[in-house]
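Visitor: You'll find work.cif just under this line, and it carries mmCIF, C-alpha atoms.
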```
data_work
loop_
_atom_site.group_PDB
_atom_site.id
_atom_site.type_symbol
_atom_site.label_atom_id
_atom_site.label_comp_id
_atom_site.auth_asym_id
_atom_site.auth_seq_id
_atom_site.Cartn_x
_atom_site.Cartn_y
_atom_site.Cartn_z
ATOM 1 C CA MET J 963 76.698 94.406 67.887
ATOM 2 C CA ASN J 964 78.596 92.008 70.124
ATOM 3 C CA GLY J 965 80.495 88.776 69.587
ATOM 4 C CA LYS J 966 78.370 86.500 71.765
ATOM 5 C CA ALA J 967 76.174 84.577 69.309
ATOM 6 C CA LEU J 968 78.883 84.396 66.683
ATOM 7 C CA VAL J 969 81.451 82.885 69.028
ATOM 8 C CA VAL J 970 79.039 80.367 70.533
ATOM 9 C CA ALA J 971 78.139 79.232 67.035
ATOM 10 C CA GLU J 972 81.783 78.343 66.377
ATOM 11 C CA PHE J 973 82.743 76.896 69.746
ATOM 12 C CA ASP J 974 80.549 74.876 72.053
ATOM 13 C CA LEU J 975 81.086 76.235 75.545
ATOM 14 C CA THR J 976 79.769 73.022 77.072
ATOM 15 C CA GLN J 977 83.078 71.449 76.072
ATOM 16 C CA LEU J 978 84.748 73.571 78.756
ATOM 17 C CA LYS J 979 83.040 73.952 82.113
ATOM 18 C CA LYS J 980 82.801 77.368 83.718
ATOM 19 C CA PRO J 981 85.632 77.769 86.247
ATOM 20 C CA SER J 982 84.756 77.652 89.909
ATOM 21 C CA PRO J 983 85.117 80.977 91.786
ATOM 22 C CA ASN J 984 88.673 82.129 92.471
ATOM 23 C CA SER J 985 89.400 81.213 96.069
ATOM 24 C CA ALA J 986 92.404 81.458 98.358
ATOM 25 C CA ASN J 987 91.167 78.246 100.003
ATOM 26 C CA GLU J 988 91.529 76.077 96.887
ATOM 27 C CA PRO J 989 94.088 73.327 97.574
ATOM 28 C CA LEU J 990 97.459 73.320 95.882
ATOM 29 C CA ALA J 991 97.987 70.856 93.061
ATOM 30 C CA LYS J 992 100.130 67.826 93.845
ATOM 31 C CA SER J 993 102.216 68.629 90.762
ATOM 32 C CA MET J 994 102.154 71.394 88.185
ATOM 33 C CA SER J 995 100.054 70.790 85.080
ATOM 34 C CA LEU J 996 100.474 73.064 82.067
ATOM 35 C CA VAL J 997 97.479 71.408 80.436
ATOM 36 C CA LYS J 998 95.220 72.369 83.333
ATOM 37 C CA ALA J 999 96.644 75.879 83.402
ATOM 38 C CA VAL J 1000 95.910 76.532 79.727
ATOM 39 C CA GLU J 1001 92.466 74.957 80.058
ATOM 40 C CA PHE J 1002 91.749 77.280 82.984
ATOM 41 C CA ILE J 1003 92.520 80.481 81.064
ATOM 42 C CA ASP J 1004 90.610 79.094 78.061
ATOM 43 C CA ARG J 1005 87.546 78.508 80.227
ATOM 44 C CA ALA J 1006 87.818 81.783 82.119
ATOM 45 C CA SER J 1007 88.048 83.850 78.924
ATOM 46 C CA LEU J 1008 85.322 82.056 77.000
ATOM 47 C CA HIS J 1009 82.849 82.178 79.865
ATOM 48 C CA TRP J 1010 83.715 85.799 80.629
ATOM 49 C CA GLN J 1011 82.862 87.030 77.153
ATOM 50 C CA GLU J 1012 79.809 84.775 76.947
ATOM 51 C CA SER J 1013 78.354 86.322 80.098
ATOM 52 C CA ARG J 1014 79.795 89.866 79.999
ATOM 53 C CA GLU J 1015 79.988 90.437 76.227
ATOM 54 C CA CYS J 1016 83.023 92.705 76.539
ATOM 55 C CA VAL J 1017 86.815 92.844 76.599
ATOM 56 C CA THR J 1018 88.516 93.275 79.961
ATOM 57 C CA CYS J 1019 92.195 93.601 80.839
ATOM 58 C CA HIS J 1020 92.118 91.007 83.610
ATOM 59 C CA THR J 1021 90.598 88.130 81.657
ATOM 60 C CA ASN J 1022 90.186 87.852 77.873
ATOM 61 C CA GLY J 1023 92.428 90.879 77.227
ATOM 62 C CA ALA J 1024 95.411 89.355 79.035
ATOM 63 C CA TYR J 1025 94.530 85.992 77.497
ATOM 64 C CA LEU J 1026 94.722 87.193 73.899
ATOM 65 C CA MET J 1027 98.036 88.929 74.561
ATOM 66 C CA GLY J 1028 99.664 85.624 75.395
ATOM 67 C CA ARG J 1029 97.625 82.602 74.336
ATOM 68 C CA ALA J 1030 99.315 82.245 70.928
ATOM 69 C CA LYS J 1031 102.589 81.419 72.698
ATOM 70 C CA LEU J 1032 101.061 78.491 74.567
ATOM 71 C CA LYS J 1033 100.264 74.926 73.566
ATOM 72 C CA GLY J 1034 96.805 73.411 73.757
ATOM 73 C CA ASP J 1035 93.597 73.032 71.801
ATOM 74 C CA PRO J 1036 93.580 75.953 69.314
ATOM 75 C CA ALA J 1037 89.770 76.158 69.187
ATOM 76 C CA PRO J 1038 89.303 78.253 72.358
ATOM 77 C CA HIS J 1039 91.988 80.701 71.228
ATOM 78 C CA ALA J 1040 90.304 81.013 67.837
ATOM 79 C CA ALA J 1041 86.942 81.580 69.521
ATOM 80 C CA VAL J 1042 88.295 84.389 71.700
ATOM 81 C CA ARG J 1043 89.982 85.966 68.701
ATOM 82 C CA ASN J 1044 86.699 85.710 66.791
ATOM 83 C CA PHE J 1045 84.917 87.498 69.636
ATOM 84 C CA PHE J 1046 87.437 90.355 69.456
ATOM 85 C CA GLU J 1047 86.979 90.619 65.678
ATOM 86 C CA HIS J 1048 83.215 91.009 66.009
ATOM 87 C CA TYR J 1049 83.544 93.196 69.081
ATOM 88 C CA VAL J 1050 85.556 95.738 67.053
ATOM 89 C CA ALA J 1051 83.091 95.495 64.162
ATOM 90 C CA GLY J 1052 80.353 96.385 66.630
ATOM 91 C CA TRP J 1053 81.988 99.739 67.387
ATOM 92 C CA LYS J 1054 80.208 101.158 64.342
ATOM 93 C CA SER J 1055 77.073 101.313 66.477
ATOM 94 C CA LYS J 1056 78.432 101.323 70.039
ATOM 95 C CA LYS J 1057 82.024 101.934 71.072
ATOM 96 C CA PRO J 1058 83.534 101.503 74.559
ATOM 97 C CA GLY J 1059 85.499 104.238 76.308
ATOM 98 C CA PRO J 1060 89.164 104.916 75.463
ATOM 99 C CA HIS J 1061 90.370 102.283 77.925
ATOM 100 C CA GLY J 1062 88.255 99.609 76.213
ATOM 101 C CA VAL J 1063 89.413 100.613 72.748
ATOM 102 C CA VAL J 1064 93.110 100.697 73.689
ATOM 103 C CA ALA J 1065 92.988 97.413 75.635
ATOM 104 C CA THR J 1066 91.277 95.699 72.690
ATOM 105 C CA ALA J 1067 93.708 97.097 70.124
ATOM 106 C CA ALA J 1068 96.695 96.122 72.268
ATOM 107 C CA ALA J 1069 95.528 92.541 72.772
ATOM 108 C CA LEU J 1070 94.882 92.148 69.049
ATOM 109 C CA ALA J 1071 98.306 93.553 68.145
ATOM 110 C CA LEU J 1072 100.155 91.248 70.541
ATOM 111 C CA ASP J 1073 98.172 88.298 69.208
ATOM 112 C CA ASP J 1074 99.119 89.372 65.677
ATOM 113 C CA ALA J 1075 102.778 89.606 66.719
ATOM 114 C CA ALA J 1076 102.848 85.855 67.317
ATOM 115 C CA LYS J 1077 101.556 85.302 63.794
ATOM 116 C CA GLY J 1078 103.775 87.887 62.098
ATOM 117 C CA LYS J 1079 100.946 89.608 60.246
ATOM 118 C CA LEU J 1080 98.922 92.660 61.209
ATOM 119 C CA SER J 1081 95.196 92.147 60.710
ATOM 120 C CA GLU J 1082 92.703 94.638 59.346
ATOM 121 C CA THR J 1083 90.785 94.424 62.613
ATOM 122 C CA THR J 1084 93.872 95.451 64.587
ATOM 123 C CA LEU J 1085 94.475 98.382 62.252
ATOM 124 C CA ASN J 1086 90.853 99.456 62.642
ATOM 125 C CA ALA J 1087 91.048 99.175 66.423
ATOM 126 C CA PHE J 1088 94.161 101.316 66.581
ATOM 127 C CA THR J 1089 92.610 103.862 64.220
ATOM 128 C CA GLU J 1090 89.890 104.324 66.819
ATOM 129 C CA ALA J 1091 92.454 104.463 69.626
ATOM 130 C CA TRP J 1092 94.465 107.211 67.951
ATOM 131 C CA LYS J 1093 91.314 109.307 67.557
ATOM 132 C CA THR J 1094 90.900 109.627 71.321
ATOM 133 C CA GLN J 1095 94.580 109.971 72.218
ATOM 134 C CA ARG J 1096 95.145 113.262 73.986
ATOM 135 C CA GLU J 1097 97.660 115.771 72.685
ATOM 136 C CA ASP J 1098 100.079 114.924 75.490
ATOM 137 C CA GLY J 1099 100.103 111.279 74.321
ATOM 138 C CA SER J 1100 97.877 109.717 76.990
ATOM 139 C CA TRP J 1101 94.208 108.748 77.140
ATOM 140 C CA ASP J 1102 91.396 109.621 79.509
ATOM 141 C CA TRP J 1103 91.893 106.275 81.221
ATOM 142 C CA LEU J 1104 89.370 104.593 83.497
ATOM 143 C CA LYS J 1105 90.379 105.181 87.123
ATOM 144 C CA CYS J 1106 88.085 103.221 89.408
ATOM 145 C CA GLY J 1107 90.756 102.031 91.808
ATOM 146 C CA TRP J 1108 91.155 98.565 90.327
ATOM 147 C CA GLY J 1109 94.926 98.232 90.365
ATOM 148 C CA PRO J 1110 97.010 97.556 88.454
ATOM 149 C CA TYR J 1111 94.976 98.142 85.292
ATOM 150 C CA GLU J 1112 92.302 100.736 85.962
ATOM 151 C CA SER J 1113 93.859 103.151 88.391
ATOM 152 C CA ASP J 1114 96.178 105.519 86.486
ATOM 153 C CA ASP J 1115 97.037 106.859 83.022
ATOM 154 C CA HIS J 1116 100.477 105.235 83.004
ATOM 155 C CA TYR J 1117 99.130 101.745 82.377
ATOM 156 C CA GLY J 1118 97.198 102.733 79.244
ATOM 157 C CA VAL J 1119 100.192 104.508 77.730
ATOM 158 C CA THR J 1120 102.660 101.693 78.379
ATOM 159 C CA LEU J 1121 100.194 99.026 77.248
ATOM 160 C CA ALA J 1122 99.634 100.829 73.956
ATOM 161 C CA ALA J 1123 103.353 101.453 73.497
ATOM 162 C CA ILE J 1124 104.194 97.794 74.137
ATOM 163 C CA ALA J 1125 101.567 96.679 71.631
ATOM 164 C CA VAL J 1126 102.602 99.145 68.913
ATOM 165 C CA ALA J 1127 106.312 98.427 69.390
ATOM 166 C CA ASN J 1128 105.701 94.672 69.102
ATOM 167 C CA ALA J 1129 103.154 94.855 66.284
ATOM 168 C CA PRO J 1130 104.328 93.117 63.101
ATOM 169 C CA GLU J 1131 105.062 94.637 59.719
ATOM 170 C CA LYS J 1132 106.830 97.684 61.227
ATOM 171 C CA TYR J 1133 103.542 99.200 62.323
ATOM 172 C CA SER J 1134 105.255 101.564 64.788
ATOM 173 C CA ILE J 1135 106.956 103.495 61.991
ATOM 174 C CA SER J 1136 104.013 103.396 59.589
ATOM 175 C CA LYS J 1137 102.156 106.538 58.633
ATOM 176 C CA ALA J 1138 99.139 105.344 60.598
ATOM 177 C CA ALA J 1139 101.021 104.888 63.869
ATOM 178 C CA LYS J 1140 104.225 106.941 63.974
ATOM 179 C CA TYR J 1141 102.720 110.219 65.209
ATOM 180 C CA GLY J 1142 100.729 108.554 67.972
ATOM 181 C CA PHE J 1143 103.608 106.261 68.963
ATOM 182 C CA ASP J 1144 106.019 109.189 69.196
ATOM 183 C CA LYS J 1145 103.550 110.939 71.486
ATOM 184 C CA LEU J 1146 103.403 107.829 73.675
ATOM 185 C CA LEU J 1147 107.185 107.750 74.065
ATOM 186 C CA ASN J 1148 107.297 111.481 74.744
ATOM 187 C CA TRP J 1149 104.634 111.123 77.454
ATOM 188 C CA LEU J 1150 106.655 108.353 79.087
ATOM 189 C CA LYS J 1151 109.778 110.547 79.097
ATOM 190 C CA GLN J 1152 107.797 113.293 80.799
ATOM 191 C CA ASN J 1153 106.113 110.950 83.300
ATOM 192 C CA GLU J 1154 108.618 108.557 84.850
ATOM 193 C CA PRO J 1155 107.091 105.486 86.515
ATOM 194 C CA LYS J 1156 106.578 105.676 90.255
ATOM 195 C CA LEU J 1157 104.945 102.359 91.121
ATOM 196 C CA ALA J 1158 106.800 99.062 90.799
ATOM 197 C CA HIS J 1159 104.138 97.784 88.383
ATOM 198 C CA GLN J 1160 104.652 100.830 86.170
ATOM 199 C CA LYS J 1161 108.390 100.127 86.181
ATOM 200 C CA GLY J 1162 107.676 96.536 85.230
ATOM 201 C CA MET J 1163 105.624 97.692 82.253
ATOM 202 C CA MET J 1164 108.514 99.930 81.205
ATOM 203 C CA LEU J 1165 110.868 96.958 81.408
ATOM 204 C CA TRP J 1166 108.529 95.006 79.119
ATOM 205 C CA LEU J 1167 108.555 97.934 76.693
ATOM 206 C CA SER J 1168 112.359 98.233 76.819
ATOM 207 C CA GLU J 1169 112.877 95.118 74.709
ATOM 208 C CA ALA J 1170 110.846 96.258 71.701
ATOM 209 C CA ALA J 1171 111.480 100.006 72.107
ATOM 210 C CA PRO J 1172 114.993 100.510 73.553
ATOM 211 C CA GLN J 1173 114.600 104.262 73.087
ATOM 212 C CA SER J 1174 111.934 104.287 75.793
ATOM 213 C CA SER J 1175 114.477 104.135 78.642
ATOM 214 C CA LEU J 1176 118.132 104.729 79.432
ATOM 215 C CA LYS J 1177 120.390 101.887 80.558
ATOM 216 C CA LYS J 1178 120.701 103.461 83.993
ATOM 217 C CA GLN J 1179 116.921 103.664 84.394
ATOM 218 C CA LYS J 1180 116.453 100.104 83.206
ATOM 219 C CA ALA J 1181 119.065 98.729 85.618
ATOM 220 C CA ARG J 1182 117.472 100.646 88.507
ATOM 221 C CA TRP J 1183 113.992 99.330 87.726
ATOM 222 C CA GLN J 1184 115.298 95.766 87.470
ATOM 223 C CA LYS J 1185 116.989 96.081 90.848
ATOM 224 C CA GLU J 1186 113.854 97.497 92.468
ATOM 225 C CA LEU J 1187 111.738 94.585 91.256
ATOM 226 C CA LEU J 1188 114.365 92.046 92.292
ATOM 227 C CA ASN J 1189 114.424 93.593 95.762
ATOM 228 C CA LEU J 1190 110.675 92.944 96.121
ATOM 229 C CA GLN J 1191 111.115 89.168 95.930
ATOM 230 C CA GLN J 1192 109.607 87.380 98.915
ATOM 231 C CA LYS J 1193 111.495 84.901 101.094
ATOM 232 C CA ASP J 1194 109.667 82.007 99.424
ATOM 233 C CA GLY J 1195 110.892 83.044 95.965
ATOM 234 C CA GLY J 1196 107.699 84.641 94.649
ATOM 235 C CA TRP J 1197 106.391 88.185 94.434
ATOM 236 C CA ALA J 1198 103.204 89.781 95.787
ATOM 237 C CA ILE J 1199 100.999 91.981 93.614
ATOM 238 C CA ALA J 1200 100.313 94.264 96.585
ATOM 239 C CA THR J 1201 103.982 95.323 96.666
ATOM 240 C CA LEU J 1202 103.798 96.541 93.061
ATOM 241 C CA GLY J 1203 101.536 99.533 93.776
ATOM 242 C CA ASP J 1204 99.824 101.638 96.420
ATOM 243 C CA TRP J 1205 96.241 100.721 95.607
ATOM 244 C CA LYS J 1206 93.552 101.200 98.244
ATOM 245 C CA ARG J 1207 90.951 98.497 98.886
ATOM 246 C CA ALA J 1208 87.286 99.480 98.702
ATOM 247 C CA ASP J 1209 86.422 97.651 101.917
ATOM 248 C CA ASN J 1210 89.278 99.361 103.808
ATOM 249 C CA THR J 1211 91.006 96.052 104.483
ATOM 250 C CA SER J 1212 94.791 95.945 104.298
ATOM 251 C CA GLN J 1213 96.779 94.742 101.325
ATOM 252 C CA ILE J 1214 98.769 91.583 102.033
ATOM 253 C CA LEU J 1215 102.368 92.577 101.391
ATOM 254 C CA ASP J 1216 104.171 89.429 102.493
ATOM 255 C CA GLN J 1217 102.290 86.728 100.575
ATOM 256 C CA SER J 1218 103.455 85.686 97.111
ATOM 257 C CA ASP J 1219 100.798 85.201 94.438
ATOM 258 C CA GLY J 1220 100.382 84.232 90.809
ATOM 259 C CA TYR J 1221 100.136 87.695 89.303
ATOM 260 C CA GLY J 1222 103.003 89.207 91.276
ATOM 261 C CA THR J 1223 105.319 86.291 90.495
ATOM 262 C CA GLY J 1224 104.270 85.704 86.897
ATOM 263 C CA PHE J 1225 104.322 89.375 85.926
ATOM 264 C CA VAL J 1226 107.671 90.158 87.542
ATOM 265 C CA VAL J 1227 109.468 87.083 86.194
ATOM 266 C CA PHE J 1228 108.030 87.787 82.731
ATOM 267 C CA VAL J 1229 109.061 91.457 82.581
ATOM 268 C CA LEU J 1230 112.489 90.798 84.082
ATOM 269 C CA ARG J 1231 113.130 88.197 81.402
ATOM 270 C CA LYS J 1232 111.792 90.561 78.728
ATOM 271 C CA SER J 1233 114.256 93.193 79.920
ATOM 272 C CA GLY J 1234 117.237 90.896 79.566
ATOM 273 C CA ILE J 1235 117.668 89.213 82.969
ATOM 274 C CA ALA J 1236 118.946 85.693 82.315
ATOM 275 C CA ALA J 1237 116.755 82.678 82.980
ATOM 276 C CA GLU J 1238 119.646 81.339 85.068
ATOM 277 C CA HIS J 1239 119.621 84.341 87.403
ATOM 278 C CA PRO J 1240 119.104 83.014 90.947
ATOM 279 C CA ALA J 1241 116.049 85.210 91.539
ATOM 280 C CA ILE J 1242 114.408 84.036 88.323
ATOM 281 C CA MET J 1243 115.112 80.407 89.153
ATOM 282 C CA ARG J 1244 113.576 80.850 92.617
ATOM 283 C CA GLY J 1245 110.542 82.504 91.025
ATOM 284 C CA ILE J 1246 110.078 79.589 88.641
ATOM 285 C CA GLN J 1247 110.333 77.165 91.551
ATOM 286 C CA TRP J 1248 107.613 79.110 93.372
ATOM 287 C CA ILE J 1249 105.409 78.854 90.290
ATOM 288 C CA LYS J 1250 105.930 75.110 90.029
ATOM 289 C CA SER J 1251 105.045 74.651 93.697
ATOM 290 C CA ASN J 1252 101.995 76.910 93.984
ATOM 291 C CA GLN J 1253 99.531 76.008 91.245
ATOM 292 C CA ARG J 1254 96.018 75.217 92.499
ATOM 293 C CA GLU J 1255 94.109 72.025 91.679
ATOM 294 C CA SER J 1256 92.018 73.803 89.022
ATOM 295 C CA GLY J 1257 95.134 74.857 87.094
ATOM 296 C CA ARG J 1258 95.114 78.516 88.177
ATOM 297 C CA TRP J 1259 97.541 80.472 90.326
ATOM 298 C CA PHE J 1260 95.473 82.432 92.833
ATOM 299 C CA THR J 1261 95.907 86.192 93.310
ATOM 300 C CA ARG J 1262 93.955 88.241 95.822
ATOM 301 C CA SER J 1263 92.231 91.274 94.310
ATOM 302 C CA THR J 1264 93.850 94.610 95.118
ATOM 303 C CA TYR J 1265 90.334 96.134 95.375
ATOM 304 C CA ASN J 1266 87.989 93.813 97.294
ATOM 305 C CA ASP J 1267 87.380 90.167 98.196
ATOM 306 C CA LYS J 1268 84.482 89.428 95.834
ATOM 307 C CA HIS J 1269 85.818 87.789 92.669
ATOM 308 C CA HIS J 1270 89.632 88.036 92.477
ATOM 309 C CA PHE J 1271 89.497 88.230 88.672
ATOM 310 C CA ILE J 1272 93.152 89.316 88.639
ATOM 311 C CA THR J 1273 93.787 85.581 89.138
ATOM 312 C CA HIS J 1274 92.945 85.136 85.441
ATOM 313 C CA ALA J 1275 95.597 87.582 84.234
ATOM 314 C CA GLY J 1276 97.960 86.219 86.862
ATOM 315 C CA THR J 1277 97.635 82.711 85.469
ATOM 316 C CA THR J 1278 98.309 83.971 81.945
ATOM 317 C CA PHE J 1279 101.416 85.894 83.064
ATOM 318 C CA THR J 1280 102.613 82.875 85.027
ATOM 319 C CA LEU J 1281 102.425 80.775 81.879
ATOM 320 C CA LEU J 1282 104.214 83.491 79.898
ATOM 321 C CA ALA J 1283 106.920 83.604 82.568
ATOM 322 C CA LEU J 1284 107.405 79.859 82.156
ATOM 323 C CA ALA J 1285 107.569 80.334 78.387
ATOM 324 C CA GLU J 1286 110.236 83.043 78.720
ATOM 325 C CA CYS J 1287 112.290 80.649 80.845
ATOM 326 C CA ASN J 1288 111.846 77.709 78.465
ATOM 327 C CA GLN J 1289 109.815 75.834 81.078
ATOM 328 C CA LEU J 1290 106.759 74.874 79.039
ATOM 329 C CA GLU J 1291 107.521 71.181 79.130
ATOM 330 C CA ASN J 1292 106.404 69.132 82.129
#
```
As structure tokens, please, write out the structure in this file.
Guide:
Amino acid sequence: MNGKALVVAEFDLTQLKKPSPNSANEPLAKSMSLVKAVEFIDRASLHWQESRECVTCHTNGAYLMGRAKLKGDPAPHAAVRNFFEHYVAGWKSKKPGPHGVVATAAALALDDAAKGKLSETTLNAFTEAWKTQREDGSWDWLKCGWGPYESDDHYGVTLAAIAVANAPEKYSISKAAKYGFDKLLNWLKQNEPKLAHQKGMMLWLSEAAPQSSLKKQKARWQKELLNLQQKDGGWAIATLGDWKRADNTSQILDQSDGYGTGFVVFVLRKSGIAAEHPAIMRGIQWIKSNQRESGRWFTRSTYNDKHHFITHAGTTFTLLALAECNQLEN
């Protein structure tokens, strides 16, 4: 069972046109538009699940983690949530791999966090996630070279930990979650982050689960991310990892992009860096100056030059960065 027909029945996709392909050649917007930005992630997520019939970290997964914090027509958000509900129900007959289960459960939990109530669907999704958690606390994560999400075990563990720690109604200390959550934190203590993106995820986790890192570690990770800021005030996704491109082309290390900037500003704010910090203010200025006409912030794929779907998650994180800096009015 999938969510396709059910979602279409509740939301007419013709109301929102399918986004044009993500392109580095798209002109910059004359001025930033939050309305266009939210409409872009609405359209990208709805059309993704209509055509692909699945949950993915770079599009509707990232979307559901943050959409509740953003203004705009609530119907698209409700439609994506509805898809997730029916997607989980469909696991009775066909379930995705551990990465799909964990990513779905995490997105649902972070969406629930904005509402303050844990849903039955989220509980069911995490029940399935705990079943496939390995004894060391990790999962057999998908590793197809698509950084930053599908290239190492660290991402799956931190994503799950962030979601459980932020889940409402004290889920992390409930009987259903405590054993698995403790294993997650133990795994993270045994496997310190090496890549800058991994350190960023740990900084995001540090707010909701202070026991996940020491003050010295946290300060070091913050400094490392701050030191990666580009001259123009943004950050580049390629500097956050050591991912290899399938076509053997080089990563672009000196060009700021939406994901690098949005993600880093968001996690630095989550870890306690003030919105008035000069680096944060320069990052916000980069965001305001580099939106594209469609409403997105472009990010080049770390894997190949076909679709650049990481642009979708990058646009969501850029909006969340603005939210964390109280910049959602324009």
Visitor: Can you tell me which residues surround Asn1252 of chain J at a distance of at most 10 Å, considering all atoms listed in the file, apart from same-chain residues fewer than 6 positions away, and format the answer as a compact mmCIF listing (two decimals) with C-alpha atoms, in the frame of the given file?
Guide:
```txt
# COMPACT_ATOMS: atom_id res chain seq x y z
CA PRO J 989 94.09 73.33 97.57
CA LEU J 990 97.46 73.32 95.88
CA ALA J 991 97.99 70.86 93.06
CA LYS J 992 100.13 67.83 93.84
CA SER J 993 102.22 68.63 90.76
CA MET J 994 102.15 71.39 88.18
CA GLY J 1196 107.70 84.64 94.65
CA SER J 1218 103.46 85.69 97.11
CA ASP J 1219 100.80 85.20 94.44
CA GLY J 1220 100.38 84.23 90.81
CA ARG J 1258 95.11 78.52 88.18
CA TRP J 1259 97.54 80.47 90.33
CA PHE J 1260 95.47 82.43 92.83
```
Visitor: Around (116.7, 83.6, 92.8), as given in the file, which residues come within 12 Å? Count all atoms listed in the file and list them as a ChimeraX atom specification.
Guide: /J:1188-1197,1223,1227,1235-1248
Visitor: Starting from the shown file, work through the PyMOL selection byres ((chain J and resi 1264-1275) around 8) and note down what comes out as a ChimeraX atom specification.
Guide: /J:983-985,1003,1006,1019-1021,1024-1025,1107-1110,1199-1200,1205-1209,1213,1220-1221,1258-1263,1276-1279
Visitor: Go ahead and dump the residues you just picked, C-alpha atoms, as an mmCIF file, in the coordinates of the input.
Guide:
```cif
data_model
loop_
_atom_site.group_PDB
_atom_site.id
_atom_site.type_symbol
_atom_site.label_atom_id
_atom_site.label_comp_id
_atom_site.auth_asym_id
_atom_site.auth_seq_id
_atom_site.Cartn_x
_atom_site.Cartn_y
_atom_site.Cartn_z
ATOM 1 C CA PRO J 983 85.117 80.977 91.786
ATOM 2 C CA ASN J 984 88.673 82.129 92.471
ATOM 3 C CA SER J 985 89.400 81.213 96.069
ATOM 4 C CA ILE J 1003 92.520 80.481 81.064
ATOM 5 C CA ALA J 1006 87.818 81.783 82.119
ATOM 6 C CA CYS J 1019 92.195 93.601 80.839
ATOM 7 C CA HIS J 1020 92.118 91.007 83.610
ATOM 8 C CA THR J 1021 90.598 88.130 81.657
ATOM 9 C CA ALA J 1024 95.411 89.355 79.035
ATOM 10 C CA TYR J 1025 94.530 85.992 77.497
ATOM 11 C CA GLY J 1107 90.756 102.031 91.808
ATOM 12 C CA TRP J 1108 91.155 98.565 90.327
ATOM 13 C CA GLY J 1109 94.926 98.232 90.365
ATOM 14 C CA PRO J 1110 97.010 97.556 88.454
ATOM 15 C CA ILE J 1199 100.999 91.981 93.614
ATOM 16 C CA ALA J 1200 100.313 94.264 96.585
ATOM 17 C CA TRP J 1205 96.241 100.721 95.607
ATOM 18 C CA LYS J 1206 93.552 101.200 98.244
ATOM 19 C CA ARG J 1207 90.951 98.497 98.886
ATOM 20 C CA ALA J 1208 87.286 99.480 98.702
ATOM 21 C CA ASP J 1209 86.422 97.651 101.917
ATOM 22 C CA GLN J 1213 96.779 94.742 101.325
ATOM 23 C CA GLY J 1220 100.382 84.232 90.809
ATOM 24 C CA TYR J 1221 100.136 87.695 89.303
ATOM 25 C CA ARG J 1258 95.114 78.516 88.177
ATOM 26 C CA TRP J 1259 97.541 80.472 90.326
ATOM 27 C CA PHE J 1260 95.473 82.432 92.833
ATOM 28 C CA THR J 1261 95.907 86.192 93.310
ATOM 29 C CA ARG J 1262 93.955 88.241 95.822
ATOM 30 C CA SER J 1263 92.231 91.274 94.310
ATOM 31 C CA GLY J 1276 97.960 86.219 86.862
ATOM 32 C CA THR J 1277 97.635 82.711 85.469
ATOM 33 C CA THR J 1278 98.309 83.971 81.945
ATOM 34 C CA PHE J 1279 101.416 85.894 83.064
#
```
Visitor: Report, in Å with one decimal, the straight-line distance from atom CA of His1048 of chain J to atom CA of Thr1083 of chain J.
Guide: 9.0 Å
Visitor: Since I can't run it myself right now, could you work out what the PyMOL selection byres ((chain J and resi 1181) around 12) selects here and report it as a ChimeraX atom specification?
Guide: /J:1161-1162,1164-1165,1168,1175-1180,1182-1188,1230,1233-1235
Visitor: Work out how far apart atom CA of Ala1091 of chain J and atom CA of Pro1038 of chain J are and give it in Å to one decimal.
Guide: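 Atom-to-atom, atom CA of Ala1091 of chain J and atom CA of Pro1038 of chain J are spaced 26.5 Å apart.
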Visitor: Ranking J:Asp1216, J:Leu1070, J:Lys1077, J:Trp1103 by minimum distance to Glu1131 of chain J and counting all atoms listed in the file, which one comes first?
Guide: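 Checking each candidate against Glu1131 of chain J, we get J:Lys1077 as the closest.
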Visitor: Mind pulling up the distance from atom CA of Leu1121 of chain J to atom CA of Ala1068 of chain J?
Guide: 6.7 Å
Visitor: From the options J:Leu1202, J:Met1163, J:Ala1030, J:Leu1284, which residue's atoms come nearest to Leu1150 of chain J, counting all atoms listed in the file?
Guide: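 Using all atoms listed in the file, Leu1150 of chain J sits closest to J:Met1163.
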Visitor: Would you place a box with edges along x, y and z of the file around all atoms of segment 981-998 of chain J listed there, add 8 Å to each of its six sides, and report the centre and edge lengths in Å to one decimal, as lines of an AutoDock Vina configuration file?
Guide:
```
center_x = 93.5
center_y = 75.0
center_z = 90.2
size_x = 33.5
size_y = 30.3
size_z = 35.6
```
Visitor: Please write the residues picked by the PyMOL selection byres ((chain J and resi 1004) around 12) on this file as a PyMOL selection string.
Guide: chain J and resi 973+975+977-981+997-1003+1005-1011+1021-1026+1028-1030+1032-1043+1257-1258+1274-1275+1277-1278
Visitor: For each of J:Thr1089, J:Thr1094, J:Thr1120, J:Ser1174, take the minimum atom-to-atom distance to Ala1138 of chain J, counting all atoms listed in the file, then give the residue where this is smallest.
Guide: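 Under the stated criterion, the closest residue is J:Thr1089.
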Visitor: Dig up all the protein and nucleic acid residues within 12 Å of (90.6, 98.5, 61.8) in the file frame, using all atoms listed in the file, and format them as an MDAnalysis selection string.
Guide: chainID J and resid 1046:1054 1063 1066:1067 1070:1071 1080:1092 1138
